[in-house]
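> The structure under discussion is supplied below as structure tokens; questions concerning it will follow.
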There are 2 protein chains.
Amino acid sequence: MAELNGDQIPLCYEKIAPYIHRTPVLTSRLINEITGAEVYFKCENFQRMGAYKMRGATHALLCLSEQERSRGVVTHSSGNFAQALALAAKSLGVKAHIVMPTTAPEVKKKGVVEYGGIIYECEPTLYARNAKAEEIQSRTGAAFLHPSNDPDVILGQGTAAYELLQDQPDLDCILTPVGGGGLIAGTALAADFMNPSVEVLGTEPFAVDDAYRSLISGRIEGNETTDTIADGLKTQLGSNTFPVIRKYVKKIIRVEEEEIVEAMRLIWERMKIIVEPSSAVALAGLYRDRADFKGKKVGIIISGGNVDLGHLPF
Amino acid sequence: MAELNGDQIPLCYEKIAPYIHRTPVLTSRLINEITGAEVYFKCENFQRMGAYKMRGATHALLCLSEQERSRGVVTHSSGNFAQALALAAKSLGVKAHIVMPTTAPEVKKKGVVEYGGIIYECEPTLYARNAKAEEIQSRTGAAFLHPSNDPDVILGQGTAAYELLQDQPDLDCILTPVGGGGLIAGTALAADFMNPSVEVLGTEPFAVDDAYRSLISGRIEGNETTDTIADGLKTQLGSNTFPVIRKYVKKIIRVEEEEIVEAMRLIWERMKIIVEPSSAVALAGLYRDRADFKGKKVGIIISGGNVDLGHLPF
């Protein structure tokens, strides 16, 4: 495979634009006062199905041939990518097989079913979900799409920053949360293409600081435990996301769980928008290191807004 | 006093525009599908301090003379108007005396203090709060501004619909919640001025259906109990709001408490925005009478987004 490159993003954007929302960029006077920075929130919580994952899923589907699409697609995900692929597949008349762990929240399963995806339950281990996905692949001929490491998924996720930099070309930096690395890798590629002086920074919980450790050790690290409220950030980097992150991302800011909840509450109470804990990680990181961002124009990708209203941390 | 008239709204808008946000109008494909109508949400939850009350409070302050402003203002309110007047007064360098019942939620008192308002606590009765407000008036010379019945407040509230009809001139109707009647009276005046064919409809909980009963009896009715989640709608109509409502508003739709919570959850989950229960009453009314709105272009004023995240109905 050729190296991933930011100049592939405009074509990617052109392809997916009819299927996604161009999301708004919001600001908050109060949050600017509190942080001392000028913050621009790219609101992917307003994206279709409530998260940026819709971009990558749509792009990956559109990059398959007609023949491949006719045989369906398969992925494993307990989170937003499951719903994103189900909805994108529905829009394009493609069958979506979704492998989900038995432990996945009911609300996420409900979302997949609502969007017409076919759920296959498996034990909540990496081995079990890979085995189940492979079984479906060999039985149906469906194409496997990885939630964060697929190159076309990565490019698709980059279109959020592409739009953000069209609206605010002179940002000093962009902060994103880091889970599997698809969002930050795509963001880094988009920034490099649009304006290489824009710094891209990652943020993640101390509890799952695999990306932070990976940048230090130079190889993909895992997490021994995944005890964080930021349920979208429990996964580790992949073979395609890690090289991009290593090349472009200079720093990962780590935050405590209480800082995530505090940032989430601040966004809910003051901006009146619903964001999921993973999205609040980026603002928590900005606030923690606010001395470094003083007076700067900072973009934050609000990754999504899918929360279970019955289980809030407030 | 001269009769309130919609042609006073443009000047009012010009006055307050520098002090308020022009709020966005949002739509939701899914809510359109569910209701069968084309719904335009005017998002006053994104207004400064989180509610449309900011408009009326600002306008009333600007209509006072320099000399009156120098003596301060006083109001009684347990809700959004208290915060709105405190913030508007702060913006204009005016002293705001706010009478609040001892039972007012801590979060609302905190808001008033944060905006620089001076709180006076009183017993939670109409008599006690009037007495306390009068005492402050006679002691300080402050001007009394009623939260919903003041004519300049009513005109200010009308600017939300004025903006909405600038953005969407061909609405068939606009739905608002009804408490003291300031929002719906202002909305009716704005609609009459902008496009008299736009119908204005009220919505309120069965639990506090005083406006519904007032339109039937022809006089201002009260509520014997106020047991509703829609905390902003417990008050009754006033001497200035009632005549306007009687003249322009043909119908009040009443809804059950469960319908309010369901509509609120729908907005939170699908639109990813935070709205208070009183705001959800309007969507609940639309949904309850959806047969009447089929295929119509319906505006809904989302009145505010100030909720206590520690006490949600989900």
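The chains in the structure tokens are called A, B, ... from first to last as shown; in each chain the residues are counted from 1, and the ligands are counted from 1 in the order shown.
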Select residues of chain B: the criterion is any atom within 6 Å of an atom of chain A, counting only C-alpha atoms; output as a compact mmCIF listing (two decimals) with N, CA and C atoms, in the first residue's frame.

```txt
# COMPACT_ATOMS: atom_id res chain seq x y z
N LYS B 272 -28.84 16.12 20.02
CA LYS B 272 -27.61 16.34 20.80
C LYS B 272 -27.53 17.75 21.37
N ILE B 273 -28.68 18.31 21.69
CA ILE B 273 -28.68 19.61 22.35
C ILE B 273 -29.43 19.50 23.68
N ILE B 274 -29.04 20.34 24.62
CA ILE B 274 -29.63 20.31 25.94
C ILE B 274 -30.74 21.34 26.02
N GLY B 310 -27.77 17.24 37.86
CA GLY B 310 -27.87 16.27 38.95
C GLY B 310 -29.29 15.75 39.15
N PHE B 314 -34.41 11.21 33.37
CA PHE B 314 -34.18 9.99 32.59
C PHE B 314 -33.74 8.84 33.48
```
> Name the residues of range 73-289 of chain A that come out as strand (DSSP E) in a backbone DSSP run; write them as a PyMOL selection string.
chain A and resi 73-76+96-101+118-122+143-144+173-177+199-205+252-255
> May I have the residues within 12 Å of Asp172 in chain A as a count of residues only, using only C-alpha atoms and disregarding those fewer than 5 positions away in the same chain?
22
> As an mmCIF file with N, CA, C and O atoms, in the first residue's frame, please: the residues near Pro24 in chain B (cut-off 9 Å, only C-alpha atoms, same-chain neighbours under 6 positions excluded).

```cif
data_model
loop_
_atom_site.group_PDB
_atom_site.id
_atom_site.type_symbol
_atom_site.label_atom_id
_atom_site.label_comp_id
_atom_site.auth_asym_id
_atom_site.auth_seq_id
_atom_site.Cartn_x
_atom_site.Cartn_y
_atom_site.Cartn_z
ATOM 1 N N PHE B 41 -36.376 24.464 14.679
ATOM 2 C CA PHE B 41 -36.186 24.750 16.099
ATOM 3 C C PHE B 41 -35.352 26.021 16.266
ATOM 4 O O PHE B 41 -34.186 26.052 15.875
ATOM 5 N N LYS B 42 -35.950 27.052 16.850
ATOM 6 C CA LYS B 42 -35.227 28.288 17.146
ATOM 7 C C LYS B 42 -34.568 28.107 18.509
ATOM 8 O O LYS B 42 -35.242 28.062 19.542
ATOM 9 N N CYS B 43 -33.234 27.998 18.502
ATOM 10 C CA CYS B 43 -32.514 27.488 19.676
ATOM 11 C C CYS B 43 -32.104 28.560 20.684
ATOM 12 O O CYS B 43 -30.933 28.931 20.758
ATOM 13 N N GLU B 44 -33.050 28.996 21.473
ATOM 14 C CA GLU B 44 -32.752 29.972 22.518
ATOM 15 C C GLU B 44 -32.019 29.350 23.710
ATOM 16 O O GLU B 44 -31.584 30.067 24.614
ATOM 17 N N PHE B 46 -29.232 28.314 23.237
ATOM 18 C CA PHE B 46 -27.898 28.840 22.930
ATOM 19 C C PHE B 46 -27.812 30.350 23.166
ATOM 20 O O PHE B 46 -26.792 30.974 22.868
ATOM 21 N N LEU B 164 -36.516 34.219 13.764
ATOM 22 C CA LEU B 164 -36.932 32.944 13.156
ATOM 23 C C LEU B 164 -37.656 33.187 11.828
ATOM 24 O O LEU B 164 -37.402 32.505 10.828
#
```
> Near His76 in chain A, within 7 Å and counting only C-alpha atoms, which residues show up once chain neighbours fewer than 3 positions away are dropped, as an mmCIF file with all heavy atoms, in the first residue's frame?

```
data_model
loop_
_atom_site.group_PDB
_atom_site.id
_atom_site.type_symbol
_atom_site.label_atom_id
_atom_site.label_comp_id
_atom_site.auth_asym_id
_atom_site.auth_seq_id
_atom_site.Cartn_x
_atom_site.Cartn_y
_atom_site.Cartn_z
ATOM 1 N N ILE A 98 -22.182 -6.991 11.684
ATOM 2 C CA ILE A 98 -21.495 -6.312 12.777
ATOM 3 C C ILE A 98 -21.254 -7.289 13.938
ATOM 4 O O ILE A 98 -22.208 -7.786 14.541
ATOM 5 C CB ILE A 98 -22.318 -5.127 13.304
ATOM 6 C CG1 ILE A 98 -22.885 -4.281 12.154
ATOM 7 C CG2 ILE A 98 -21.495 -4.316 14.293
ATOM 8 C CD1 ILE A 98 -21.918 -3.383 11.458
ATOM 9 N N VAL A 99 -19.982 -7.550 14.229
ATOM 10 C CA VAL A 99 -19.629 -8.399 15.363
ATOM 11 C C VAL A 99 -19.515 -7.527 16.611
ATOM 12 O O VAL A 99 -18.764 -6.554 16.622
ATOM 13 C CB VAL A 99 -18.293 -9.134 15.106
ATOM 14 C CG1 VAL A 99 -17.920 -9.985 16.320
ATOM 15 C CG2 VAL A 99 -18.386 -9.985 13.848
ATOM 16 N N MET A 100 -20.325 -7.851 17.608
ATOM 17 C CA MET A 100 -20.312 -7.052 18.844
ATOM 18 C C MET A 100 -20.123 -7.981 20.038
ATOM 19 O O MET A 100 -20.710 -9.057 20.093
ATOM 20 C CB MET A 100 -21.634 -6.290 19.001
ATOM 21 C CG MET A 100 -21.910 -5.276 17.911
ATOM 22 S SD MET A 100 -23.427 -4.286 18.208
ATOM 23 C CE MET A 100 -22.751 -2.863 19.070
ATOM 24 N N ARG A 129 -13.518 -11.859 18.707
ATOM 25 C CA ARG A 129 -14.137 -11.009 17.688
ATOM 26 C C ARG A 129 -13.445 -11.141 16.338
ATOM 27 O O ARG A 129 -14.109 -11.122 15.301
ATOM 28 C CB ARG A 129 -14.290 -9.565 18.141
ATOM 29 C CG ARG A 129 -13.027 -8.816 18.472
ATOM 30 C CD ARG A 129 -13.387 -7.504 19.159
ATOM 31 N NE ARG A 129 -12.353 -6.490 18.946
ATOM 32 C CZ ARG A 129 -12.458 -5.239 19.343
ATOM 33 N NH1 ARG A 129 -13.547 -4.816 19.963
ATOM 34 N NH2 ARG A 129 -11.483 -4.375 19.126
ATOM 35 N N ALA A 133 -15.366 -12.505 13.010
ATOM 36 C CA ALA A 133 -15.347 -11.699 11.786
ATOM 37 C C ALA A 133 -14.792 -12.517 10.612
ATOM 38 O O ALA A 133 -15.313 -12.458 9.491
ATOM 39 C CB ALA A 133 -14.518 -10.429 11.998
#
```
> Interatomic distance between CA of Val107 in chain A and CA of Leu30 in chain B?
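We find that CA of Val107 in chain A and CA of Leu30 in chain B lie 17.1 Å from each other.
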> Determine, counting only C-alpha atoms, which protein, DNA and RNA residues have an atom within 12 Å of an atom of Ser214 in chain A; residues of the same chain fewer than 3 positions away are not included. Present the result as a JSON list (two decimals) with C-alpha atoms, in the first residue's frame.

```
[["chain", "number", "residue", "atom", "x", "y", "z"],
["A", 178, "VAL", "CA", -6.95, 9.20, 20.70],
["A", 181, "GLY", "CA", -5.90, 6.53, 16.21],
["A", 208, "VAL", "CA", -5.49, 4.04, 28.80],
["A", 209, "ASP", "CA", -2.36, 5.98, 27.85],
["A", 210, "ASP", "CA", -1.18, 3.48, 25.22],
["A", 211, "ALA", "CA", -0.63, 6.15, 22.55],
["A", 217, "SER", "CA", 8.79, 3.34, 23.04],
["A", 218, "GLY", "CA", 8.51, 3.55, 19.27],
["A", 219, "ARG", "CA", 6.22, 0.53, 19.04],
["A", 220, "ILE", "CA", 2.48, -0.07, 19.47],
["A", 221, "GLU", "CA", 1.73, -0.49, 23.17],
["A", 222, "GLY", "CA", -1.43, -1.98, 24.66],
["A", 223, "ASN", "CA", -3.41, -1.25, 27.82],
["A", 236, "GLN", "CA", -4.86, 0.68, 20.83],
["A", 237, "LEU", "CA", -3.12, 2.08, 17.76],
["A", 238, "GLY", "CA", -2.80, 0.05, 14.56],
["A", 239, "SER", "CA", -0.26, -0.65, 11.85],
["A", 241, "THR", "CA", -2.46, 4.77, 12.29],
["A", 242, "PHE", "CA", 0.75, 4.50, 14.32],
["A", 243, "PRO", "CA", 3.23, 5.51, 11.56],
["A", 245, "ILE", "CA", 0.87, 9.59, 14.37],
["A", 246, "ARG", "CA", 4.61, 9.02, 14.87],
["A", 249, "VAL", "CA", 1.97, 14.15, 16.28],
["A", 251, "LYS", "CA", 2.61, 15.28, 21.89],
["A", 252, "ILE", "CA", -0.11, 13.34, 23.69]]
```
> When you count only C-alpha atoms, which of these residues is closest to Thr23 in chain A: A:Ala160, A:Ala128, A:Leu61, A:Ile267?
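Nearest candidate to Thr23 in chain A out of A:Ala160, A:Ala128, A:Leu61, A:Ile267: A:Ala160.
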